[in-house]
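Enquirer: Here it is, the structure in full.
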Amino acid sequence: MTKFSKIILFILITALSAWLLPWSYRFATVRPDSYPFTLYSPIVHSFAFPDYANGKVEYKDVLGRTYSEHQFDSILPTFYYRQLLSDGRLPATIEGIPVDGRSIQREYFIFRSNTTHINTAKTPLYPLLEAMPERVDLEMPDDVFRMTDRMEFVEMATNRIREEKSGHFTRALQEKGFTFPARIVAGNPTARKDYDEGYLITDRNHRLFHVKKLRDRPYVRPIEIPVEIHPQHLYVTEYTGRHYLGFLTDDQNRFYVLESGSYKLQQLPIPGFDPQTEDMMIIGDAFYWTIRISGKKSEKIYAVNPRNYNLQDSLNIAHREQVSTEIAQYLFPFQLSFTSYEDRFVTPRISDISYKALVLNFGLAVICLLICPGKFRFRLKNAVILCILGLFGLIPLFLRKK
């Protein structure tokens, strides 16, 4: 075996060790953190959750009060409204506002944003549905559009450009002040929804536009937002209640609600949300939105009143540092992985670089200098490798001796 082949083999074995040893250690020792499903109660005005402990379920709130399952349904009437309707226990009013099953269902929604979806490459081809179809059900079109130096429609069956339609929509955008190319195009390209609101699009100058198709004609509405707000992520909601056109975040990680009809932009009173590194879930109704933001270090939960966008309450749950994770910092100088929960790409990634592992690395190096056979120069070279790679270098050095 040539010297070059030995070097390549050494690198491959080291890489495999850096990948498989930490993975095997985590698989054997690390247990995922579990957090209770938490909602804000419009009845007791506190966060409430089921606590699973010792094989039993206890229903609690953050103030320490406990509830029976029957009582727990009643303090979360918009979430358990079907059970309350079945039992005949649905209240006639909540906070003085009349409610029934239909009104609760109309205002209820769940919004999710996860890093895997945000950080995944997307094909920049978008179907534009008819927002006012002749029939009740929405239908997918036979073409898609792309945003280049114009809004260009492509017939999917033949890959032919529809020049007339492309020119029609491009002129409509330009007449409203749109500057090509587009920065962000966001929508829900599916017919499995009650109605269609088209797309939210930002142009080269970060201006925000609402674009949809009405009776086969372009509808373009520029949305006035403060010049200091540069949208980074857009979400078209299309919820049954039709109160909100969408959500957006800016380059300062501020989170906004874009109202339907008035196109009014409202900032939510939460410290910040970065869609590229954090997951978000909003469970909302007419009374309160429970907003859960999951990051690497903590779970942050907020209760926001959608009637005035005031922060009602907040809760911060820090991730528990497991003993096995702390031990890993002394065992492995770094960790190599090829996948991540934050995206769908397969690529080498070095993470969790730990200087605490130098203690073990130096110990292995000293042992190598003192007890390993061979000339001092040979032992010194191996010791340097162990100082840098630690356990990851131990395996290829051992195999090389064989």
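Numbering starts fresh at 1 for the residues of each chain in the structure tokens, the chains themselves are lettered A, B, ... in the order given, and ligands are numbered from 1 as they appear.
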Please, which residues in range 166-258 of chain A fall within 7 Å of range 105-111 of chain A when counting only C-alpha atoms, and what is the closest atom pair and distance in Å to one decimal for each, ordered by chain then residue number, as CSV?
Expert:
residue,atom,partner,partner_atom,distance
A:Tyr239,CA,A:Phe109,CA,6.7
A:Thr240,CA,A:Arg106,CA,5.5
A:Gly241,CA,A:Glu107,CA,5.1
Enquirer: Just list as a PyMOL selection string whatever in range 92-239 of chain A DSSP marks as alpha helix (DSSP H).
Expert: chain A and resi 101-107+115-118+163-175
Enquirer: Using only N, CA and C atoms, please write the residues we just selected to a file, as an mmCIF file, in the first residue's frame.
Expert:
data_model
loop_
_atom_site.group_PDB
_atom_site.id
_atom_site.type_symbol
_atom_site.label_atom_id
_atom_site.label_comp_id
_atom_site.auth_asym_id
_atom_site.auth_seq_id
_atom_site.Cartn_x
_atom_site.Cartn_y
_atom_site.Cartn_z
ATOM 1 N N GLY A 101 -70.698 26.372 18.708
ATOM 2 C CA GLY A 101 -69.756 25.485 18.043
ATOM 3 C C GLY A 101 -69.282 26.013 16.704
ATOM 4 N N ARG A 102 -70.205 26.609 15.948
ATOM 5 C CA ARG A 102 -69.835 27.090 14.626
ATOM 6 C C ARG A 102 -68.879 28.285 14.701
ATOM 7 N N SER A 103 -69.140 29.207 15.603
ATOM 8 C CA SER A 103 -68.270 30.385 15.709
ATOM 9 C C SER A 103 -66.881 29.994 16.206
ATOM 10 N N ILE A 104 -66.814 29.029 17.119
ATOM 11 C CA ILE A 104 -65.510 28.566 17.601
ATOM 12 C C ILE A 104 -64.725 27.912 16.472
ATOM 13 N N GLN A 105 -65.393 27.070 15.699
ATOM 14 C CA GLN A 105 -64.731 26.379 14.598
ATOM 15 C C GLN A 105 -64.263 27.363 13.532
ATOM 16 N N ARG A 106 -65.033 28.406 13.295
ATOM 17 C CA ARG A 106 -64.674 29.376 12.267
ATOM 18 C C ARG A 106 -63.427 30.171 12.646
ATOM 19 N N GLU A 107 -63.266 30.485 13.918
ATOM 20 C CA GLU A 107 -62.146 31.324 14.349
ATOM 21 C C GLU A 107 -60.907 30.533 14.746
ATOM 22 N N THR A 115 -38.151 24.639 10.660
ATOM 23 C CA THR A 115 -36.876 24.933 10.007
ATOM 24 C C THR A 115 -36.621 24.011 8.818
ATOM 25 N N THR A 116 -37.091 22.775 8.895
ATOM 26 C CA THR A 116 -36.861 21.832 7.801
ATOM 27 C C THR A 116 -37.460 22.355 6.507
ATOM 28 N N HIS A 117 -38.656 22.912 6.593
ATOM 29 C CA HIS A 117 -39.298 23.454 5.398
ATOM 30 C C HIS A 117 -38.634 24.756 4.944
ATOM 31 N N ILE A 118 -38.305 25.618 5.898
ATOM 32 C CA ILE A 118 -37.730 26.916 5.553
ATOM 33 C C ILE A 118 -36.374 26.765 4.891
ATOM 34 N N GLU A 163 -47.366 33.887 -23.701
ATOM 35 C CA GLU A 163 -46.915 35.264 -23.821
ATOM 36 C C GLU A 163 -47.996 36.273 -23.452
ATOM 37 N N GLU A 164 -49.210 36.063 -23.923
ATOM 38 C CA GLU A 164 -50.275 37.041 -23.669
ATOM 39 C C GLU A 164 -50.571 37.153 -22.172
ATOM 40 N N LYS A 165 -50.698 36.009 -21.507
ATOM 41 C CA LYS A 165 -50.976 36.009 -20.073
ATOM 42 C C LYS A 165 -49.792 36.579 -19.297
ATOM 43 N N SER A 166 -48.591 36.208 -19.708
ATOM 44 C CA SER A 166 -47.389 36.715 -19.032
ATOM 45 C C SER A 166 -47.322 38.234 -19.145
ATOM 46 N N GLY A 167 -47.573 38.766 -20.345
ATOM 47 C CA GLY A 167 -47.537 40.201 -20.528
ATOM 48 C C GLY A 167 -48.615 40.918 -19.744
ATOM 49 N N HIS A 168 -49.797 40.295 -19.659
ATOM 50 C CA HIS A 168 -50.915 40.897 -18.941
ATOM 51 C C HIS A 168 -50.574 41.070 -17.458
ATOM 52 N N PHE A 169 -50.065 40.024 -16.823
ATOM 53 C CA PHE A 169 -49.754 40.084 -15.398
ATOM 54 C C PHE A 169 -48.517 40.941 -15.142
ATOM 55 N N THR A 170 -47.536 40.882 -16.042
ATOM 56 C CA THR A 170 -46.326 41.691 -15.862
ATOM 57 C C THR A 170 -46.655 43.175 -15.903
ATOM 58 N N ARG A 171 -47.481 43.580 -16.862
ATOM 59 C CA ARG A 171 -47.868 44.986 -16.947
ATOM 60 C C ARG A 171 -48.655 45.434 -15.723
ATOM 61 N N ALA A 172 -49.532 44.540 -15.218
ATOM 62 C CA ALA A 172 -50.311 44.879 -14.026
ATOM 63 C C ALA A 172 -49.399 45.117 -12.826
ATOM 64 N N LEU A 173 -48.354 44.322 -12.697
ATOM 65 C CA LEU A 173 -47.395 44.502 -11.608
ATOM 66 C C LEU A 173 -46.610 45.802 -11.781
ATOM 67 N N GLN A 174 -46.138 46.047 -12.978
ATOM 68 C CA GLN A 174 -45.334 47.248 -13.222
ATOM 69 C C GLN A 174 -46.144 48.524 -13.035
ATOM 70 N N GLU A 175 -47.406 48.476 -13.397
ATOM 71 C CA GLU A 175 -48.267 49.647 -13.219
ATOM 72 C C GLU A 175 -48.462 49.993 -11.744
#
Enquirer: Considering only C-alpha atoms, return as a PyMOL selection string whatever protein or nucleic-acid residues lie within 8 Å of range 140-152 of chain A, sequence-local ones (same chain, fewer than 4 positions apart) excluded.
Expert: chain A and resi 124-130+156-157+161-163+165-167+169-170+180-182+190-191
Enquirer: Any idea what the distance is between CA of Asp137 in chain A and CA of Asp216 in chain A?
Expert: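 Those two atoms sit 16.1 Å apart.
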Enquirer: From the options A:Leu358, A:Arg204, A:Leu265, A:Asp196, which residue's atoms come nearest to Pro226 in chain A, counting only C-alpha atoms?
Expert: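 Of A:Leu358, A:Arg204, A:Leu265, A:Asp196, the one nearest Pro226 in chain A, counting only C-alpha atoms, is A:Leu265.
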Enquirer: Which residue, A:Val220, A:Val154, A:Leu370, A:Leu200, has the smallest gap to Leu234 in chain A when you use only C-alpha atoms?
Expert: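 Going through A:Val220, A:Val154, A:Leu370, A:Leu200 one by one, the smallest distance to Leu234 in chain A is for A:Leu200.
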Enquirer: My list of candidates is A:Pro98, A:Pro50, A:Pro133, A:Pro396. Which is closest to Phe10 in chain A when distances are computed with only C-alpha atoms?
Expert: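 Using only C-alpha atoms, the shortest distance to Phe10 in chain A belongs to A:Pro396.
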Enquirer: Could you name the residues that touch Leu84 in chain A at 12 Å or less, counting only C-alpha atoms, but leaving out those on the same chain fewer than 3 positions away, as a PyMOL selection string?
Expert: chain A and resi 69-81+87-92+100-101+104
Enquirer: Env of Trp23 in chain A: 12 Å cut, atoms = only C-alpha atoms, seq-sep filter 4 positions within chain, self excluded. Answer as a list in words.
Expert: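 Here the qualifying residues turn out to be Leu16, Ser17, Ala18, Trp19, Phe27, Ala28, Thr29, Val30, Thr325, Ala328, Phe332, Phe334, Gln335, Leu336, Ser337, Phe338 and Thr339 of chain A.
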Enquirer: Could you write out the selected residues, including N, CA, C and O atoms, as a compact mmCIF listing (two decimals), in the first residue's frame?
Expert:
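Result went into selection.txt, see below:
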# COMPACT_ATOMS: atom_id res chain seq x y z
N LEU A 16 -15.12 8.36 9.70
CA LEU A 16 -16.13 7.41 10.16
C LEU A 16 -16.21 7.39 11.68
O LEU A 16 -17.30 7.31 12.26
N SER A 17 -15.07 7.46 12.33
CA SER A 17 -15.05 7.49 13.79
C SER A 17 -15.74 8.74 14.33
O SER A 17 -16.52 8.69 15.28
N ALA A 18 -15.43 9.90 13.70
CA ALA A 18 -16.04 11.15 14.13
C ALA A 18 -17.54 11.19 13.90
O ALA A 18 -18.27 11.94 14.56
N TRP A 19 -18.00 10.38 12.97
CA TRP A 19 -19.44 10.30 12.70
C TRP A 19 -20.12 9.26 13.58
O TRP A 19 -21.12 9.55 14.25
N PHE A 27 -27.24 7.74 20.69
CA PHE A 27 -28.30 6.72 20.57
C PHE A 27 -28.45 5.92 21.85
O PHE A 27 -29.56 5.56 22.25
N ALA A 28 -27.33 5.65 22.51
CA ALA A 28 -27.36 4.82 23.71
C ALA A 28 -27.70 5.60 24.98
O ALA A 28 -28.22 5.02 25.94
N THR A 29 -27.42 6.90 25.00
CA THR A 29 -27.53 7.62 26.28
C THR A 29 -28.52 8.78 26.30
O THR A 29 -29.16 9.02 27.31
N VAL A 30 -28.62 9.52 25.19
CA VAL A 30 -29.42 10.75 25.21
C VAL A 30 -30.90 10.44 25.07
O VAL A 30 -31.30 9.62 24.25
N THR A 325 -24.86 14.48 27.86
CA THR A 325 -24.40 15.52 26.94
C THR A 325 -23.15 16.21 27.49
O THR A 325 -22.22 16.52 26.74
N ALA A 328 -20.22 13.96 26.99
CA ALA A 328 -19.79 13.94 25.59
C ALA A 328 -18.83 15.07 25.28
O ALA A 328 -17.94 14.92 24.42
N PHE A 332 -15.48 13.89 23.09
CA PHE A 332 -15.34 14.14 21.67
C PHE A 332 -14.96 15.60 21.42
O PHE A 332 -15.67 16.51 21.83
N PHE A 334 -15.05 17.15 18.64
CA PHE A 334 -16.06 17.68 17.72
C PHE A 334 -16.93 16.52 17.28
O PHE A 334 -16.64 15.35 17.61
N GLN A 335 -17.99 16.81 16.56
CA GLN A 335 -18.87 15.77 16.06
C GLN A 335 -19.15 16.01 14.59
O GLN A 335 -19.38 17.15 14.17
N LEU A 336 -19.10 14.94 13.82
CA LEU A 336 -19.36 15.00 12.39
C LEU A 336 -20.72 14.37 12.11
O LEU A 336 -21.03 13.28 12.60
N SER A 337 -21.54 15.06 11.35
CA SER A 337 -22.84 14.53 10.95
C SER A 337 -23.10 14.89 9.50
O SER A 337 -22.45 15.77 8.94
N PHE A 338 -24.07 14.21 8.91
CA PHE A 338 -24.39 14.44 7.50
C PHE A 338 -25.81 14.94 7.29
O PHE A 338 -26.16 15.39 6.21
N THR A 339 -26.65 14.85 8.30
CA THR A 339 -28.02 15.34 8.21
C THR A 339 -28.31 16.23 9.41
O THR A 339 -27.57 16.23 10.39
Enquirer: Got a sec: who's within 9 Å of His319 in chain A, counting only C-alpha atoms, leaving out chain neighbours fewer than 4 positions off, as a PyMOL selection string?
Expert: chain A and resi 33+296-299
Enquirer: Since we have the selection now, will you write its residues out, keeping N, CA and C atoms, as a PDB file, in the first residue's frame?
Expert:
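For reference, result08.pdb as written:
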ATOM      1  N   ASP A  33     -35.877  15.663  25.208  1.00  0.00           N
ATOM      2  CA  ASP A  33     -36.717  16.408  26.137  1.00  0.00           C
ATOM      3  C   ASP A  33     -38.167  16.361  25.666  1.00  0.00           C
ATOM      4  N   LYS A 296     -33.027  25.761  20.178  1.00  0.00           N
ATOM      5  CA  LYS A 296     -32.070  24.783  20.678  1.00  0.00           C
ATOM      6  C   LYS A 296     -31.902  24.845  22.188  1.00  0.00           C
ATOM      7  N   LYS A 297     -32.149  26.018  22.774  1.00  0.00           N
ATOM      8  CA  LYS A 297     -31.885  26.193  24.198  1.00  0.00           C
ATOM      9  C   LYS A 297     -33.138  26.247  25.053  1.00  0.00           C
ATOM     10  N   SER A 298     -34.285  26.555  24.460  1.00  0.00           N
ATOM     11  CA  SER A 298     -35.478  26.706  25.297  1.00  0.00           C
ATOM     12  C   SER A 298     -36.745  26.611  24.463  1.00  0.00           C
ATOM     13  N   GLU A 299     -37.852  26.451  25.183  1.00  0.00           N
ATOM     14  CA  GLU A 299     -39.199  26.532  24.620  1.00  0.00           C
ATOM     15  C   GLU A 299     -39.836  27.795  25.181  1.00  0.00           C
TER      16      GLU A 299
END
Enquirer: Can you work out the spacing between CA of Ile367 in chain A and CA of Ile353 in chain A in Å, to one decimal?
Expert: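 According to the coordinates, CA of Ile367 in chain A and CA of Ile353 in chain A are separated by 23.4 Å.
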Enquirer: So that I can check the secondary structure, give me every residue of range 58-288 of chain A assigned strand (DSSP E or B) by backbone DSSP, as a PyMOL selection string.
Expert: chain A and resi 58-61+66-67+93-94+97-98+109-113+126+130+143-147+151-155+160-161+184-187+199-202+208-214+217-223+231-236+244-250+255-259+265-267+279-284
Enquirer: Choose the residue, out of A:Glu197, A:Glu134, A:Asp250, A:Asp51, that has the smallest atom-to-atom separation from Gln232 in chain A; count only C-alpha atoms.
Expert: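 Of A:Glu197, A:Glu134, A:Asp250, A:Asp51, the one nearest Gln232 in chain A, counting only C-alpha atoms, is A:Asp250.
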Enquirer: For Ser294 in chain A, which residue among A:Phe273, A:Phe178, A:Phe378, A:Tyr330 is the nearest when counting only C-alpha atoms?
Expert: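 Closest residue, counting only C-alpha atoms: A:Phe273.
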Enquirer: List as a JSON list (two decimals) with N, CA, C and O atoms, in the first residue's frame the protein and nucleic acid residues near range 40-49 of chain A, meaning an atom at most 9 Å away when only C-alpha atoms are counted, but skip any in the same chain fewer than 6 places from it.
Expert:
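This went into out-v7.json:
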[["chain", "number", "residue", "atom", "x", "y", "z"],
["A", 58, "GLU", "N", -51.96, 14.15, 35.14],
["A", 58, "GLU", "CA", -52.50, 15.17, 36.03],
["A", 58, "GLU", "C", -52.69, 16.46, 35.22],
["A", 58, "GLU", "O", -51.80, 16.85, 34.46],
["A", 59, "TYR", "N", -53.82, 17.08, 35.39],
["A", 59, "TYR", "CA", -54.13, 18.29, 34.66],
["A", 59, "TYR", "C", -53.86, 19.49, 35.56],
["A", 59, "TYR", "O", -54.41, 19.60, 36.65],
["A", 60, "LYS", "N", -52.99, 20.40, 35.08],
["A", 60, "LYS", "CA", -52.52, 21.49, 35.92],
["A", 60, "LYS", "C", -52.52, 22.80, 35.15],
["A", 60, "LYS", "O", -52.69, 22.83, 33.93],
["A", 61, "ASP", "N", -52.28, 23.88, 35.89],
["A", 61, "ASP", "CA", -51.91, 25.14, 35.27],
["A", 61, "ASP", "C", -50.63, 25.64, 35.92],
["A", 61, "ASP", "O", -50.15, 25.05, 36.90],
["A", 62, "VAL", "N", -50.06, 26.69, 35.38],
["A", 62, "VAL", "CA", -48.76, 27.14, 35.88],
["A", 62, "VAL", "C", -48.85, 27.76, 37.27],
["A", 62, "VAL", "O", -47.81, 27.98, 37.92],
["A", 63, "LEU", "N", -50.05, 28.03, 37.75],
["A", 63, "LEU", "CA", -50.22, 28.56, 39.10],
["A", 63, "LEU", "C", -50.29, 27.45, 40.14],
["A", 63, "LEU", "O", -50.43, 27.72, 41.33],
["A", 72, "PHE", "N", -60.83, 20.13, 33.18],
["A", 72, "PHE", "CA", -59.83, 20.58, 32.21],
["A", 72, "PHE", "C", -60.48, 20.90, 30.86],
["A", 72, "PHE", "O", -60.11, 21.86, 30.20],
["A", 74, "SER", "N", -63.39, 22.09, 30.51],
["A", 74, "SER", "CA", -64.15, 23.33, 30.68],
["A", 74, "SER", "C", -63.27, 24.58, 30.68],
["A", 74, "SER", "O", -63.73, 25.65, 30.27],
["A", 75, "ILE", "N", -62.01, 24.46, 31.13],
["A", 75, "ILE", "CA", -61.16, 25.66, 31.16],
["A", 75, "ILE", "C", -60.50, 25.93, 29.80],
["A", 75, "ILE", "O", -59.90, 26.98, 29.60],
["A", 76, "LEU", "N", -60.62, 24.97, 28.88],
["A", 76, "LEU", "CA", -60.13, 25.16, 27.51],
["A", 76, "LEU", "C", -61.28, 24.92, 26.54],
["A", 76, "LEU", "O", -61.26, 23.98, 25.73],
["A", 77, "PRO", "N", -62.31, 25.76, 26.60],
["A", 77, "PRO", "CA", -63.54, 25.46, 25.85],
["A", 77, "PRO", "C", -63.38, 25.54, 24.34],
["A", 77, "PRO", "O", -64.09, 24.84, 23.62],
["A", 78, "THR", "N", -62.47, 26.35, 23.82],
["A", 78, "THR", "CA", -62.33, 26.44, 22.37],
["A", 78, "THR", "C", -61.56, 25.25, 21.80],
["A", 78, "THR", "O", -61.69, 24.94, 20.61],
["A", 94, "ILE", "N", -67.93, 33.60, 26.43],
["A", 94, "ILE", "CA", -66.57, 33.56, 26.96],
["A", 94, "ILE", "C", -66.07, 35.00, 26.98],
["A", 94, "ILE", "O", -66.06, 35.67, 25.94],
["A", 95, "GLU", "N", -65.70, 35.45, 28.16],
["A", 95, "GLU", "CA", -65.27, 36.84, 28.35],
["A", 95, "GLU", "C", -66.32, 37.82, 27.80],
["A", 95, "GLU", "O", -65.99, 38.85, 27.21],
["A", 287, "PHE", "N", -60.12, 34.46, 21.10],
["A", 287, "PHE", "CA", -59.82, 35.06, 22.40],
["A", 287, "PHE", "C", -58.32, 35.19, 22.65],
["A", 287, "PHE", "O", -57.84, 36.26, 23.04],
["A", 288, "TYR", "N", -57.58, 34.09, 22.44],
["A", 288, "TYR", "CA", -56.14, 34.13, 22.68],
["A", 288, "TYR", "C", -55.41, 33.23, 21.69],
["A", 288, "TYR", "O", -55.94, 32.19, 21.27],
["A", 289, "TRP", "N", -54.21, 33.64, 21.34],
["A", 289, "TRP", "CA", -53.31, 32.81, 20.57],
["A", 289, "TRP", "C", -52.23, 32.29, 21.51],
["A", 289, "TRP", "O", -51.59, 33.06, 22.21],
["A", 290, "THR", "N", -52.05, 30.97, 21.52],
["A", 290, "THR", "CA", -50.92, 30.38, 22.24],
["A", 290, "THR", "C", -49.81, 30.16, 21.22],
["A", 290, "THR", "O", -49.95, 29.37, 20.29],
["A", 302, "TYR", "N", -46.03, 32.02, 24.49],
["A", 302, "TYR", "CA", -46.64, 33.33, 24.70],
["A", 302, "TYR", "C", -48.15, 33.21, 24.49],
["A", 302, "TYR", "O", -48.62, 32.42, 23.66],
["A", 303, "ALA", "N", -48.88, 34.03, 25.23],
["A", 303, "ALA", "CA", -50.32, 34.17, 25.03],
["A", 303, "ALA", "C", -50.58, 35.59, 24.56],
["A", 303, "ALA", "O", -50.22, 36.55, 25.26],
["A", 312, "GLN", "N", -50.48, 38.71, 26.77],
["A", 312, "GLN", "CA", -51.24, 38.38, 27.96],
["A", 312, "GLN", "C", -50.38, 37.68, 29.02],
["A", 312, "GLN", "O", -50.49, 37.95, 30.21],
["A", 313, "ASP", "N", -49.51, 36.79, 28.57],
["A", 313, "ASP", "CA", -48.67, 36.04, 29.50],
["A", 313, "ASP", "C", -47.54, 35.40, 28.70],
["A", 313, "ASP", "O", -47.60, 35.30, 27.47],
["A", 314, "SER", "N", -46.52, 34.95, 29.40],
["A", 314, "SER", "CA", -45.40, 34.27, 28.73],
["A", 314, "SER", "C", -44.81, 33.23, 29.66],
["A", 314, "SER", "O", -44.95, 33.30, 30.88],
["A", 315, "LEU", "N", -44.14, 32.27, 29.06],
["A", 315, "LEU", "CA", -43.54, 31.16, 29.79],
["A", 315, "LEU", "C", -42.28, 30.74, 29.06],
["A", 315, "LEU", "O", -42.29, 30.57, 27.84]]
Enquirer: Measuring between only C-alpha atoms, which one of A:Ile317, A:Leu369, A:Leu394, A:Ile201 shows the shortest distance to Gly295 in chain A?
Expert: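 Counting only C-alpha atoms, the residue closest to Gly295 in chain A is A:Ile317.
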Enquirer: State, in Å with one decimal place, the distance from CA of Leu360 in chain A to CA of Leu331 in chain A.
Expert: 6.8 Å
